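Student: I'm passing along work_22.txt; it holds compact mmCIF, C-alpha atoms.
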```
# COMPACT_ATOMS: atom_id res chain seq x y z
CA MET H 1 -36.23 10.64 -11.78
CA SER H 2 -34.25 7.41 -12.04
CA GLU H 3 -32.93 7.94 -15.60
CA LEU H 4 -30.70 10.89 -16.37
CA GLU H 5 -31.59 12.72 -19.61
CA LYS H 6 -28.90 12.48 -22.24
CA ASN H 7 -28.19 16.21 -22.45
CA PHE H 8 -27.28 16.22 -18.75
CA HIS H 9 -24.79 13.36 -19.05
CA ALA H 10 -21.63 15.38 -19.73
CA PRO H 11 -22.04 18.02 -16.99
CA MET H 12 -23.22 15.44 -14.46
CA MET H 13 -20.24 13.17 -15.14
CA ASN H 14 -18.03 16.20 -14.58
CA VAL H 15 -19.62 16.82 -11.17
CA LEU H 16 -19.37 13.16 -10.19
CA LEU H 17 -15.71 13.02 -11.21
CA CYS H 18 -14.98 16.00 -8.92
CA VAL H 19 -16.36 14.03 -5.95
CA ALA H 20 -14.83 10.67 -6.90
CA ASP H 21 -11.38 12.06 -7.76
CA ASP H 22 -11.23 14.13 -4.54
CA LYS H 23 -11.99 11.04 -2.49
CA LEU H 24 -9.67 8.70 -4.38
CA PHE H 25 -6.62 10.96 -4.01
CA LEU H 26 -7.37 12.03 -0.44
CA GLY H 27 -7.79 8.37 0.52
CA HIS H 28 -4.46 7.61 -1.11
CA ARG H 29 -2.70 10.41 0.81
CA ASN H 30 -4.32 9.34 4.09
CA SER H 31 -3.08 5.80 3.64
CA ASP H 32 0.47 7.25 3.90
CA TRP H 33 -0.10 7.22 7.69
CA THR H 34 -0.91 3.53 7.98
CA GLY H 35 1.58 2.06 10.45
CA ILE H 36 3.25 5.32 11.44
CA ALA H 37 0.62 7.70 12.88
CA PRO H 38 1.52 9.27 16.27
CA ILE H 39 -0.68 6.95 18.36
CA LEU H 40 -2.42 3.65 17.67
CA GLU H 41 -5.95 5.12 17.59
CA ALA H 42 -4.84 7.79 15.13
CA ASP H 43 -3.25 5.12 12.97
CA ILE H 44 -6.47 3.08 12.87
CA ALA H 45 -8.46 6.25 12.27
CA PHE H 46 -6.39 7.40 9.27
CA SER H 47 -6.36 3.91 7.80
CA SER H 48 -10.16 3.78 8.22
CA LEU H 49 -10.57 7.24 6.72
CA ALA H 50 -8.52 6.06 3.74
CA GLN H 51 -10.69 2.94 3.38
CA ASP H 52 -13.88 5.00 3.62
CA ASP H 53 -12.70 7.57 1.09
CA ILE H 54 -11.58 5.01 -1.45
CA ALA H 55 -14.81 3.00 -0.99
CA HIS H 56 -16.82 6.20 -1.52
CA SER H 57 -14.84 7.09 -4.64
CA SER H 58 -15.47 3.60 -5.95
CA ALA H 59 -19.25 4.04 -5.44
CA PHE H 60 -19.12 7.28 -7.45
CA TYR H 61 -17.05 5.70 -10.26
CA GLU H 62 -19.66 2.94 -10.36
CA LEU H 63 -22.43 5.52 -10.63
CA ILE H 64 -20.57 7.09 -13.57
CA SER H 65 -20.16 3.63 -15.05
CA SER H 66 -23.92 3.01 -14.79
CA VAL H 67 -24.43 5.95 -17.16
CA THR H 68 -21.45 5.75 -19.51
CA GLY H 69 -20.87 1.99 -19.51
CA GLN H 70 -17.12 2.45 -18.93
CA ASN H 71 -15.28 0.17 -16.54
CA PRO H 72 -14.97 1.90 -13.11
CA ASP H 73 -11.29 0.90 -12.72
CA GLN H 74 -10.50 2.34 -16.14
CA ILE H 75 -12.24 5.60 -15.18
CA ALA H 76 -10.30 5.79 -11.93
CA PHE H 77 -6.84 4.96 -13.23
CA SER H 78 -6.46 5.51 -16.94
CA ARG H 79 -7.46 9.05 -17.79
CA GLN H 80 -5.12 11.76 -19.06
CA ILE H 81 -3.90 14.31 -16.51
CA ASN H 82 -6.25 17.04 -17.77
CA GLU H 83 -9.23 14.71 -17.48
CA TYR H 84 -8.96 14.43 -13.68
CA ARG H 85 -11.25 16.78 -11.75
CA CYS H 86 -9.93 16.79 -8.17
CA ALA H 87 -8.83 19.96 -6.40
CA ASP H 88 -5.07 19.62 -5.94
CA ILE H 89 -5.14 20.01 -2.13
CA VAL H 90 -6.10 16.32 -1.97
CA THR H 91 -2.79 15.41 -3.57
CA LYS H 92 -0.54 17.64 -1.44
CA SER H 93 1.99 15.65 0.54
CA ASP H 94 1.92 16.52 4.24
CA GLN H 95 5.64 15.55 4.47
CA PHE H 96 4.63 13.40 7.45
CA ASN H 97 3.74 16.47 9.46
CA TRP H 98 0.72 15.49 11.56
CA ALA H 99 -0.64 19.04 11.80
CA ALA H 100 -0.54 19.32 8.00
CA ALA H 101 -2.39 16.01 7.60
CA ILE H 102 -5.08 17.23 9.99
CA ALA H 103 -5.42 20.65 8.30
CA ARG H 104 -5.76 19.06 4.84
CA GLN H 105 -8.26 16.54 6.16
CA PHE H 106 -10.26 19.25 7.91
CA TYR H 107 -10.69 21.53 4.89
CA CYS H 108 -11.51 18.61 2.58
CA ASN H 109 -13.89 16.77 4.94
CA VAL H 110 -15.98 19.84 5.69
CA TYR H 111 -16.21 20.64 1.98
CA ASP H 112 -17.10 17.06 1.09
CA TYR H 113 -19.84 16.99 3.69
CA ILE H 114 -21.45 20.22 2.48
CA ARG H 115 -21.17 19.12 -1.14
CA LEU H 116 -22.74 15.71 -0.40
CA GLN H 117 -25.60 17.39 1.46
CA SER H 118 -26.22 19.49 -1.61
CA LEU H 119 -26.05 16.48 -3.96
CA SER H 120 -28.47 14.55 -1.75
CA ASN H 121 -31.17 16.99 -2.89
CA SER H 122 -30.66 16.06 -6.55
CA THR H 123 -33.79 15.07 -8.45
CA TRP H 124 -31.76 12.25 -10.03
CA THR H 125 -32.57 9.61 -7.40
CA PRO H 126 -29.56 7.26 -7.77
CA LEU H 127 -27.29 10.22 -6.95
CA ALA H 128 -29.51 11.60 -4.18
CA ASN H 129 -29.68 8.23 -2.44
CA LEU H 130 -25.95 7.56 -2.69
CA ALA H 131 -25.10 11.06 -1.47
CA LYS H 132 -27.49 10.83 1.46
CA ARG H 133 -26.05 7.50 2.52
CA ILE H 134 -22.43 8.67 2.26
CA CYS H 135 -23.32 11.88 4.13
CA ALA H 136 -24.06 9.82 7.24
CA GLU H 137 -20.56 8.29 7.02
CA GLN H 138 -18.94 11.60 6.14
CA ALA H 139 -20.47 13.29 9.22
CA ILE H 140 -18.32 10.96 11.34
CA HIS H 141 -15.20 12.11 9.46
CA VAL H 142 -16.05 15.75 10.07
CA ASP H 143 -16.71 15.07 13.75
CA HIS H 144 -13.38 13.28 14.11
CA VAL H 145 -11.23 15.86 12.37
CA THR H 146 -13.02 18.64 14.27
CA SER H 147 -11.97 16.99 17.53
CA TRP H 148 -8.35 17.02 16.30
CA ILE H 149 -8.50 20.71 15.39
CA GLU H 150 -9.82 21.40 18.90
CA HIS H 151 -7.18 19.19 20.56
CA LEU H 152 -4.29 20.79 18.70
CA GLY H 153 -5.66 24.33 18.96
CA GLN H 154 -6.28 24.03 22.69
CA GLY H 155 -3.28 21.83 23.48
CA THR H 156 0.24 23.15 24.05
CA GLU H 157 1.81 26.27 22.59
CA ASP H 158 3.73 23.98 20.23
CA SER H 159 0.65 22.11 18.97
CA LYS H 160 -1.21 25.40 18.52
CA ASN H 161 1.64 26.90 16.48
CA ARG H 162 1.93 23.83 14.30
CA ILE H 163 -1.78 23.56 13.44
CA GLN H 164 -2.00 27.33 12.89
CA HIS H 165 0.90 27.18 10.46
CA ALA H 166 -0.63 24.21 8.61
CA LEU H 167 -4.05 25.89 8.36
CA ASP H 168 -2.43 29.03 6.93
CA GLU H 169 -0.28 27.10 4.50
CA TYR H 170 -3.20 25.09 3.03
CA ALA H 171 -5.82 27.87 3.02
CA PRO H 172 -5.19 29.03 -0.59
CA PHE H 173 -5.33 25.45 -1.88
CA ALA H 174 -8.43 24.74 0.21
CA SER H 175 -10.25 27.60 -1.52
CA MET H 176 -9.72 25.78 -4.81
CA LEU H 177 -12.02 22.99 -3.57
CA ASN H 178 -14.75 25.52 -4.39
CA GLU H 179 -13.86 25.98 -8.05
CA SER H 180 -17.02 25.30 -10.06
CA PRO H 181 -17.17 22.17 -12.20
CA GLU H 182 -17.74 23.01 -15.85
CA GLY H 183 -21.40 22.87 -16.89
CA ILE H 184 -22.88 22.72 -13.38
CA GLU H 185 -25.20 25.66 -14.26
CA LYS H 186 -26.85 23.46 -16.86
CA LEU H 187 -27.74 20.99 -14.09
CA PHE H 188 -29.12 23.80 -11.91
CA ASP H 189 -31.14 25.23 -14.83
CA GLY H 190 -32.48 21.79 -15.71
CA GLY H 191 -33.53 21.17 -12.09
CA VAL H 192 -31.26 18.11 -11.80
CA LEU H 193 -29.23 19.69 -9.00
CA ILE H 194 -30.65 22.21 -6.57
CA ASN H 195 -28.72 25.45 -6.33
CA GLU H 196 -28.88 26.16 -2.62
CA GLY H 197 -26.66 29.17 -2.81
CA CYS H 198 -22.95 29.35 -2.56
CA LEU H 199 -21.18 26.24 -1.23
CA PHE H 200 -18.13 28.45 -0.67
CA THR H 201 -19.98 30.62 1.86
CA ALA H 202 -21.38 27.62 3.73
CA TRP H 203 -17.96 25.93 3.76
CA LYS H 204 -16.12 29.06 4.83
CA GLU H 205 -18.54 29.74 7.69
CA HIS H 206 -18.29 26.16 8.94
CA VAL H 207 -14.47 26.20 8.76
CA ILE H 208 -14.12 29.56 10.49
CA GLN H 209 -16.54 28.61 13.25
CA ILE H 210 -14.54 25.49 14.23
CA VAL H 211 -11.17 27.21 13.80
CA ASN H 212 -12.16 30.16 15.99
CA LYS H 213 -13.73 27.91 18.61
CA SER H 214 -10.38 26.13 18.84
CA GLY H 215 -8.52 29.38 19.51
CA LEU H 216 -7.09 29.58 16.00
CA THR H 217 -7.57 31.92 13.03
CA VAL H 218 -7.84 31.49 9.29
CA SER H 219 -8.14 33.80 6.34
CA ILE H 220 -10.00 32.38 3.37
CA GLU H 221 -10.33 34.16 0.02
CA PRO H 222 -12.62 33.00 -2.81
CA CYS H 223 -10.91 30.92 -5.48
CA SER H 224 -9.98 33.06 -8.45
CA VAL H 225 -7.77 30.76 -10.52
CA VAL H 226 -8.46 27.93 -12.92
CA GLY H 227 -7.31 24.68 -11.33
CA GLY H 228 -7.99 21.00 -10.84
CA ARG H 229 -11.75 21.10 -11.32
CA ASN H 230 -11.06 22.19 -14.90
CA GLY H 231 -8.20 19.79 -15.47
CA LYS H 232 -5.32 22.17 -14.73
CA HIS H 233 -3.12 20.39 -12.19
CA ASP H 234 0.18 21.06 -10.45
CA GLU H 235 3.25 18.90 -9.82
CA ASP H 236 1.86 17.34 -6.63
CA PHE H 237 -1.04 15.97 -8.61
CA THR H 238 1.20 14.56 -11.33
CA ARG H 239 3.37 12.84 -8.73
CA SER H 240 0.34 11.38 -6.91
CA LEU H 241 -1.22 10.15 -10.14
CA ALA H 242 2.01 8.39 -11.12
CA GLU H 243 2.05 6.63 -7.72
CA LEU H 244 -1.59 5.61 -8.06
CA GLN H 245 -1.19 4.32 -11.61
CA GLU H 246 2.07 2.47 -11.02
CA VAL H 247 0.54 -0.94 -10.35
CA PHE H 248 -2.53 -0.51 -12.58
CA LEU H 249 -0.48 0.32 -15.67
CA THR H 250 1.63 -2.83 -15.39
CA ASP H 251 -1.46 -4.64 -16.69
CA PRO H 252 -4.48 -2.38 -17.33
CA ALA H 253 -6.68 -5.31 -18.36
CA ALA H 254 -6.07 -7.35 -15.20
CA ALA H 255 -9.09 -8.33 -13.10
CA TRP H 256 -8.68 -7.55 -9.39
CA MET C 1 -40.33 -25.23 -6.64
CA VAL C 2 -38.31 -23.68 -3.83
CA ASN C 3 -40.22 -21.19 -1.66
CA LYS C 4 -39.24 -17.93 0.01
CA GLU C 5 -39.53 -19.34 3.50
CA THR C 6 -36.90 -21.98 2.78
CA ILE C 7 -34.62 -19.39 1.22
CA PHE C 8 -34.88 -17.08 4.23
CA GLN C 9 -34.17 -20.03 6.52
CA VAL C 10 -30.96 -20.72 4.63
CA LEU C 11 -30.00 -17.03 4.54
CA GLY C 12 -30.55 -16.96 8.32
CA THR C 13 -27.74 -19.49 8.76
CA ILE C 14 -25.18 -17.25 7.01
CA PRO C 15 -23.16 -15.21 9.51
CA ASP C 16 -21.86 -11.74 8.77
CA PRO C 17 -18.11 -12.19 8.12
CA GLU C 18 -17.16 -9.49 10.63
CA MET C 19 -19.77 -9.76 13.42
CA PRO C 20 -21.58 -12.42 15.48
CA ILE C 21 -24.92 -11.96 13.71
CA SER C 22 -26.69 -13.52 10.74
CA ILE C 23 -27.09 -11.48 7.57
CA THR C 24 -30.89 -11.65 7.98
CA ASP C 25 -30.80 -10.32 11.58
CA LEU C 26 -28.42 -7.60 10.42
CA GLY C 27 -31.14 -6.53 7.97
CA LEU C 28 -29.01 -6.93 4.84
CA ILE C 29 -31.61 -8.77 2.78
CA GLU C 30 -33.90 -6.35 1.00
CA HIS C 31 -35.59 -8.65 -1.47
CA VAL C 32 -35.73 -12.24 -2.72
CA HIS C 33 -37.14 -12.96 -6.15
CA ILE C 34 -37.82 -16.48 -7.40
CA ASP C 35 -38.19 -17.10 -11.10
CA ASP C 36 -38.69 -20.84 -11.52
CA THR C 37 -35.23 -22.22 -10.65
CA THR C 38 -33.43 -18.87 -10.63
CA ILE C 39 -33.14 -16.91 -7.41
CA GLN C 40 -32.25 -13.22 -7.20
CA VAL C 41 -31.21 -11.86 -3.82
CA THR C 42 -30.98 -8.11 -3.35
CA VAL C 43 -28.63 -7.09 -0.56
CA LEU C 44 -27.99 -3.73 1.13
CA PRO C 45 -24.38 -3.07 2.16
CA THR C 46 -23.96 -1.72 5.70
CA PHE C 47 -21.23 0.73 4.77
CA ILE C 48 -20.75 1.87 1.19
CA GLY C 49 -18.29 -0.44 -0.51
CA CYS C 50 -17.82 -2.60 2.61
CA PHE C 51 -14.95 -5.00 1.97
CA ALA C 52 -16.95 -7.97 3.27
CA LEU C 53 -19.44 -7.77 0.37
CA PRO C 54 -17.74 -10.26 -1.98
CA VAL C 55 -17.54 -12.79 0.86
CA ILE C 56 -21.24 -12.35 1.64
CA ALA C 57 -22.20 -12.69 -2.04
CA LYS C 58 -20.15 -15.86 -2.44
CA GLU C 59 -21.63 -17.40 0.69
CA ILE C 60 -25.21 -16.65 -0.44
CA GLU C 61 -24.57 -18.11 -3.89
CA GLN C 62 -23.01 -21.24 -2.46
CA LYS C 63 -25.61 -21.95 0.23
CA LEU C 64 -28.65 -21.34 -2.00
CA SER C 65 -27.21 -23.35 -4.88
CA GLU C 66 -27.22 -26.39 -2.60
CA LEU C 67 -31.04 -26.28 -2.40
CA SER C 68 -32.88 -28.70 -4.65
CA GLY C 69 -34.76 -27.01 -7.46
CA VAL C 70 -32.27 -24.12 -7.72
CA SER C 71 -30.24 -23.79 -10.91
CA SER C 72 -28.72 -20.33 -10.49
CA VAL C 73 -28.34 -17.62 -7.86
CA GLU C 74 -27.76 -13.94 -8.51
CA VAL C 75 -26.74 -11.50 -5.79
CA ASN C 76 -27.18 -7.76 -6.37
CA PHE C 77 -26.10 -4.93 -4.08
CA ILE C 78 -28.11 -1.72 -3.99
CA ASN C 79 -27.89 1.48 -1.93
CA ASP C 80 -31.54 2.44 -2.21
CA PRO C 81 -33.11 2.12 0.29
CA PRO C 82 -30.01 2.74 2.41
CA TRP C 83 -29.13 0.19 5.08
CA SER C 84 -29.36 1.69 8.55
CA THR C 85 -28.92 0.48 12.12
CA ASP C 86 -32.75 0.55 12.36
CA ARG C 87 -32.81 -2.63 10.28
CA ILE C 88 -31.08 -4.81 12.90
CA SER C 89 -33.62 -7.20 14.48
CA ASP C 90 -34.11 -7.51 18.25
CA ALA C 91 -32.59 -11.00 18.14
CA GLY C 92 -29.63 -9.52 16.28
CA LYS C 93 -29.19 -6.73 18.82
CA ALA C 94 -29.24 -9.29 21.63
CA SER C 95 -26.61 -11.41 19.89
CA LEU C 96 -24.35 -8.41 19.33
CA ALA C 97 -24.78 -7.24 22.96
CA GLU C 98 -23.73 -10.67 24.21
CA HIS C 99 -20.46 -10.16 22.39
CA GLY C 100 -19.95 -6.66 23.71
CA ILE C 101 -21.18 -4.74 20.67
CA SER C 102 -23.85 -2.13 21.31
CA VAL C 103 -26.32 -0.80 18.74
CA PRO C 104 -27.54 2.82 18.63
CA GLU C 105 -31.12 3.49 19.63
CA GLY C 106 -33.39 5.83 17.71
CA SER C 107 -33.71 6.32 14.00
CA SER C 108 -30.70 6.78 11.79
CA PRO C 109 -29.88 10.04 9.99
CA CYS C 110 -30.45 8.23 6.68
CA THR C 111 -34.06 7.31 7.29
CA SER C 112 -35.26 10.27 9.32
CA SER C 113 -35.14 14.00 8.78
CA THR C 114 -32.52 14.31 11.54
CA GLU C 115 -29.63 16.53 10.57
CA SER C 116 -26.93 14.00 9.75
CA GLY C 117 -24.31 16.39 11.14
CA ASP C 118 -25.46 15.32 14.60
CA VAL C 119 -22.99 12.57 15.30
CA GLU C 120 -23.75 10.85 18.59
CA LEU C 121 -20.18 9.70 19.24
CA ARG C 122 -18.93 12.64 21.26
CA THR C 123 -22.26 14.07 22.37
CA SER C 124 -24.37 11.53 24.24
CA ALA C 125 -23.71 9.08 27.05
CA ILE C 126 -23.58 5.71 25.32
CA SER C 127 -24.61 2.71 27.40
CA CYS C 128 -22.26 -0.19 28.04
CA PRO C 129 -23.46 -3.52 26.56
CA TRP C 130 -21.89 -5.40 29.51
CA CYS C 131 -23.29 -3.49 32.52
CA GLN C 132 -25.65 -0.88 30.98
CA SER C 133 -23.85 1.97 32.72
CA ARG C 134 -23.79 5.27 30.86
CA GLU C 135 -20.44 6.22 32.39
CA THR C 136 -18.60 5.52 29.16
CA THR C 137 -16.07 7.32 27.01
CA LEU C 138 -15.23 7.20 23.32
CA THR C 139 -11.82 5.61 22.70
CA SER C 140 -11.90 6.01 18.92
CA PRO C 141 -14.58 6.61 16.30
CA PHE C 142 -12.71 4.10 14.10
CA GLY C 143 -12.52 0.47 15.11
CA PRO C 144 -11.78 -3.01 13.78
CA THR C 145 -14.32 -2.62 10.97
CA ARG C 146 -15.61 0.44 9.15
CA CYS C 147 -19.06 0.21 10.76
CA LYS C 148 -17.91 0.23 14.41
CA SER C 149 -16.41 2.63 16.96
CA ILE C 150 -14.49 1.71 20.15
CA HIS C 151 -15.58 2.78 23.66
CA PHE C 152 -14.59 2.17 27.27
CA CYS C 153 -16.89 1.70 30.26
CA ASN C 154 -15.65 3.51 33.36
CA ALA C 155 -18.06 1.55 35.59
CA CYS C 156 -17.12 -2.04 34.73
CA ARG C 157 -13.71 -1.10 33.28
CA GLN C 158 -14.35 -2.99 30.04
CA PRO C 159 -13.83 -1.92 26.44
CA PHE C 160 -16.71 -2.40 24.01
CA GLU C 161 -17.59 -1.71 20.40
CA ARG C 162 -20.59 0.06 18.95
CA MET C 163 -22.21 0.10 15.54
CA LYS C 164 -21.93 3.58 14.07
CA LYS C 165 -25.26 5.32 13.76
CA VAL C 166 -25.92 5.50 10.03
```
Just dump the structure as structure tokens.

Tutor:
Amino acid sequence: MSELEKNFHAPMMNVLLCVADDKLFLGHRNSDWTGIAPILEADIAFSSLAQDDIAHSSAFYELISSVTGQNPDQIAFSRQINEYRCADIVTKSDQFNWAAAIARQFYCNVYDYIRLQSLSNSTWTPLANLAKRICAEQAIHVDHVTSWIEHLGQGTEDSKNRIQHALDEYAPFASMLNESPEGIEKLFDGGVLINEGCLFTAWKEHVIQIVNKSGLTVSIEPCSVVGGRNGKHDEDFTRSLAELQEVFLTDPAAAW
Amino acid sequence: MVNKETIFQVLGTIPDPEMPISITDLGLIEHVHIDDTTIQVTVLPTFIGCFALPVIAKEIEQKLSELSGVSSVEVNFINDPPWSTDRISDAGKASLAEHGISVPEGSSPCTSSTESGDVELRTSAISCPWCQSRETTLTSPFGPTRCKSIHFCNACRQPFERMKKV
């Protein structure tokens, strides 16, 4: 199906915003490391991850635009706080702690990959094709961040303690990646998205497997609060949004 | 009226902005449509939202507009079908190898049923484009452009780049 039926528009846009907003804000946070990462290769990697994430978010905003007719830049930068759908872990500052940056990246990348795999089975072909294509790029992100978890977990006592602390600190926020977007059941019922079972379980298993293999531990509980996916954001989000909008709002009609 | 052959000849002279290869050998051109004096070129980006796209579009528009019998040129980018490393021609692969850029063998995770979680970077012995040795190591999965990784050959002691398998 190349055209999305009108009654699926609202819930589908909600799902697409979750993906696009996650990637936009995570890309923004990753770009904090440009020029100052611990080694040159890590610097290039985080700058590339930021470029990839922001390019992916842009592709999803364009997909939304193809349905709603809104300008993709306007969608990205000029919504109200409660209209953003990212999970707030993507906006958490790592305070320039490398272990924290890796932990945040790890939780988010694994989730993104599993979510994209699921979206690539959509019967709405423009989404399925985009998701499948981005999945191939996202697999490289997961591979890279996995190697960092292994390095830090199996490195020195100090590196192990630092990554363990960061994994523990972010775990509750990471669970909130799994909060359901409003109306997604309608897309399952209508056969637009395929409900392949719980993304949370798949994500948790993947996370735990890599963490344990690296000699680390993690305790993950299901998300039980209403958060970013439903427009309820914390202070970190508000601060990140203000940073992102700073240039855009000086002239919202400017062409870039 | 301008014909497809002429158009492809012109497109074949346009280099990729980031690599020593023409956009036709890189497999970017999906479709050319001629409607009297209007030409539509459909292009597949290598990586989603690649930053070289506006440069490529401008170059195509400029070069084709110079042909006689052409009044306007439209360039569209689409993601379906997805571009993959399978689309690079043999001539293109040879040109990249000459410049120390290797291209993955085998079909990409986008066009086959291969589990795309299987990333080749850390798993298989990648061959060096300079000396063909498989005694190589990954330096970084992220390189000078989004579509390439950086490797080092332990046999000939040379660094090289590789197109990411997508």

Student: So which residues fall inside 12 Å of (-19.9, -7.4, 24.0) if we count only C-alpha atoms? Mind giving them as a list in words?

Tutor: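 It turns out the residues near that spot are Met19, Pro20, Lys93, Ala94, Ser95, Leu96, Ala97, Glu98, His99, Gly100, Ile101, Ser102, Val103, Ser127, Cys128, Pro129, Trp130, Cys131, Gln132, Ile150, His151, Phe152, Cys153, Gln158, Pro159, Phe160, Glu161, Arg162 and Met163 of chain C.
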
Student: Return the neighbours of chain C among the residues of chain H, cut-off 6 Å, counting only C-alpha atoms, as a list in words.

Tutor: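 Taking only C-alpha atoms into account, Ala45, Ala55, Ala136 and Ala139 of chain H sit within 6 Å of chain C.
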
Student: Grab the atom CA of H:Glu83 to atom CA of H:Gln51 distance for me, in Å with one decimal place.

Tutor: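 According to the coordinates, atom CA of H:Glu83 and atom CA of H:Gln51 are separated by 24.0 Å.
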
Student: Just to confirm, what's the straight-line distance from atom CA of H:Asn178 to atom CA of H:Ala101 in Å (one decimal)?

Tutor: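 Pair atom CA of H:Asn178 / atom CA of H:Ala101 returns 19.7 Å.
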
Student: Edge lengths and centre in Å to one decimal, as JSON, of the axis-aligned box that encloses all listed atoms of stretch 27-44 of chain C with 3 Å added on every side?

Tutor:
```
{"center_x": -33.3, "center_y": -13.0, "center_z": -1.8, "size_x": 16.7, "size_y": 24.5, "size_z": 25.5}
```

Student: Return the single residue from H:Tyr107, H:Trp124, H:Trp98, H:Phe77 that is closest to H:Leu167, with distances computed using all atoms listed in the file.

Tutor: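 Ranked by minimum distance to H:Leu167, first place goes to H:Tyr107.
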
Student: Can you tell me how far atom CA of H:Ala20 sits from atom CA of H:Glu5, in Å to one decimal?

Tutor: 21.1 Å

Student: Can you list, as a list in words, every protein, DNA or RNA residue that comes within 12 Å of H:Leu249 when you count only C-alpha atoms, leaving out same-chain residues fewer than 4 positions away?

Tutor: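 Once the adjacent positions are removed, what remains is Asp73, Gln74, Ala76, Phe77, Ser78, Arg79, Leu241, Ala242, Glu243, Leu244, Gln245, Ala253 and Ala254 of chain H.
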
Student: Keeping only C-alpha atoms, write the selected residues to a file as a compact mmCIF listing (two decimals), keeping the file's coordinate frame.

Tutor:
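The file below, result-v7.txt, is the result:
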```
# COMPACT_ATOMS: atom_id res chain seq x y z
CA ASP H 73 -11.29 0.90 -12.72
CA GLN H 74 -10.50 2.34 -16.14
CA ALA H 76 -10.30 5.79 -11.93
CA PHE H 77 -6.84 4.96 -13.23
CA SER H 78 -6.46 5.51 -16.94
CA ARG H 79 -7.46 9.05 -17.79
CA LEU H 241 -1.22 10.15 -10.14
CA ALA H 242 2.01 8.39 -11.12
CA GLU H 243 2.05 6.63 -7.72
CA LEU H 244 -1.59 5.61 -8.06
CA GLN H 245 -1.19 4.32 -11.61
CA ALA H 253 -6.68 -5.31 -18.36
CA ALA H 254 -6.07 -7.35 -15.20
```

Student: If we count all atoms listed in the file and set the cut-off at 9 Å, which residues sit around stretch 63-69 of chain C, ignoring sequence neighbours fewer than 4 positions away in its own chain? Please answer as a ChimeraX atom specification.

Tutor: /C:1-2,6-7,10-11,14,36-39,58-59,73

Student: Please provide the set of residues having any atom within 8 Å of H:Arg104, restricted to all atoms listed in the file, with same-chain residues fewer than 2 positions apart removed, written as a tab-separated table (two decimals) with C-alpha atoms, keeping the file's coordinate frame.

Tutor:
```
chain	number	residue	atom	x	y	z
H	89	ILE	CA	-5.14	20.01	-2.13
H	90	VAL	CA	-6.10	16.32	-1.97
H	100	ALA	CA	-0.54	19.32	8.00
H	101	ALA	CA	-2.39	16.01	7.60
H	102	ILE	CA	-5.08	17.23	9.99
H	106	PHE	CA	-10.26	19.25	7.91
H	107	TYR	CA	-10.69	21.53	4.89
H	108	CYS	CA	-11.51	18.61	2.58
H	167	LEU	CA	-4.05	25.89	8.36
H	170	TYR	CA	-3.20	25.09	3.03
H	174	ALA	CA	-8.43	24.74	0.21
```

Student: Select, from H:Ser147, H:Asn71, H:Thr34, H:Thr91, the residue with the minimum atom-to-atom distance to H:Asp22, counting only C-alpha atoms.

Tutor: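 Using only C-alpha atoms, H:Asp22 sits closest to H:Thr91.
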
Student: Taking 3 positions as the minimum chain separation for residues in the same chain, which residues sit within 8 Å of stretch 10-16 of chain H when counting only C-alpha atoms? Answer as a VMD selection string.

Tutor: chain H and resid 7 19 to 20 60 to 61 64 85 181 to 184 186 to 187

Student: Please reconstruct the missing atoms of stretch 35-44 of chain C (target: N, CA and C atoms) and return them as an mmCIF file, in the coordinates of the input.

Tutor:
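This is the output file result_39.cif:
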```
data_model
loop_
_atom_site.group_PDB
_atom_site.id
_atom_site.type_symbol
_atom_site.label_atom_id
_atom_site.label_comp_id
_atom_site.auth_asym_id
_atom_site.auth_seq_id
_atom_site.Cartn_x
_atom_site.Cartn_y
_atom_site.Cartn_z
ATOM 1 N N ASP C 35 -37.658 -16.934 -9.757
ATOM 2 C CA ASP C 35 -38.190 -17.100 -11.100
ATOM 3 C C ASP C 35 -37.886 -18.538 -11.519
ATOM 4 N N ASP C 36 -38.864 -19.405 -11.273
ATOM 5 C CA ASP C 36 -38.690 -20.840 -11.520
ATOM 6 C C ASP C 36 -37.488 -21.365 -10.714
ATOM 7 N N THR C 37 -36.373 -21.663 -11.398
ATOM 8 C CA THR C 37 -35.230 -22.220 -10.650
ATOM 9 C C THR C 37 -34.131 -21.181 -10.432
ATOM 10 N N THR C 38 -34.424 -19.944 -10.821
ATOM 11 C CA THR C 38 -33.430 -18.870 -10.630
ATOM 12 C C THR C 38 -33.820 -18.006 -9.435
ATOM 13 N N ILE C 39 -32.847 -17.743 -8.579
ATOM 14 C CA ILE C 39 -33.140 -16.910 -7.410
ATOM 15 C C ILE C 39 -32.294 -15.633 -7.479
ATOM 16 N N GLN C 40 -32.975 -14.494 -7.274
ATOM 17 C CA GLN C 40 -32.250 -13.220 -7.200
ATOM 18 C C GLN C 40 -32.358 -12.705 -5.773
ATOM 19 N N VAL C 41 -31.207 -12.394 -5.185
ATOM 20 C CA VAL C 41 -31.210 -11.860 -3.820
ATOM 21 C C VAL C 41 -30.654 -10.442 -3.875
ATOM 22 N N THR C 42 -31.423 -9.502 -3.369
ATOM 23 C CA THR C 42 -30.980 -8.110 -3.350
ATOM 24 C C THR C 42 -30.518 -7.755 -1.938
ATOM 25 N N VAL C 43 -29.279 -7.295 -1.855
ATOM 26 C CA VAL C 43 -28.630 -7.090 -0.560
ATOM 27 C C VAL C 43 -28.241 -5.624 -0.381
ATOM 28 N N LEU C 44 -28.418 -5.100 0.829
ATOM 29 C CA LEU C 44 -27.990 -3.730 1.130
ATOM 30 C C LEU C 44 -26.670 -3.763 1.900
#
```
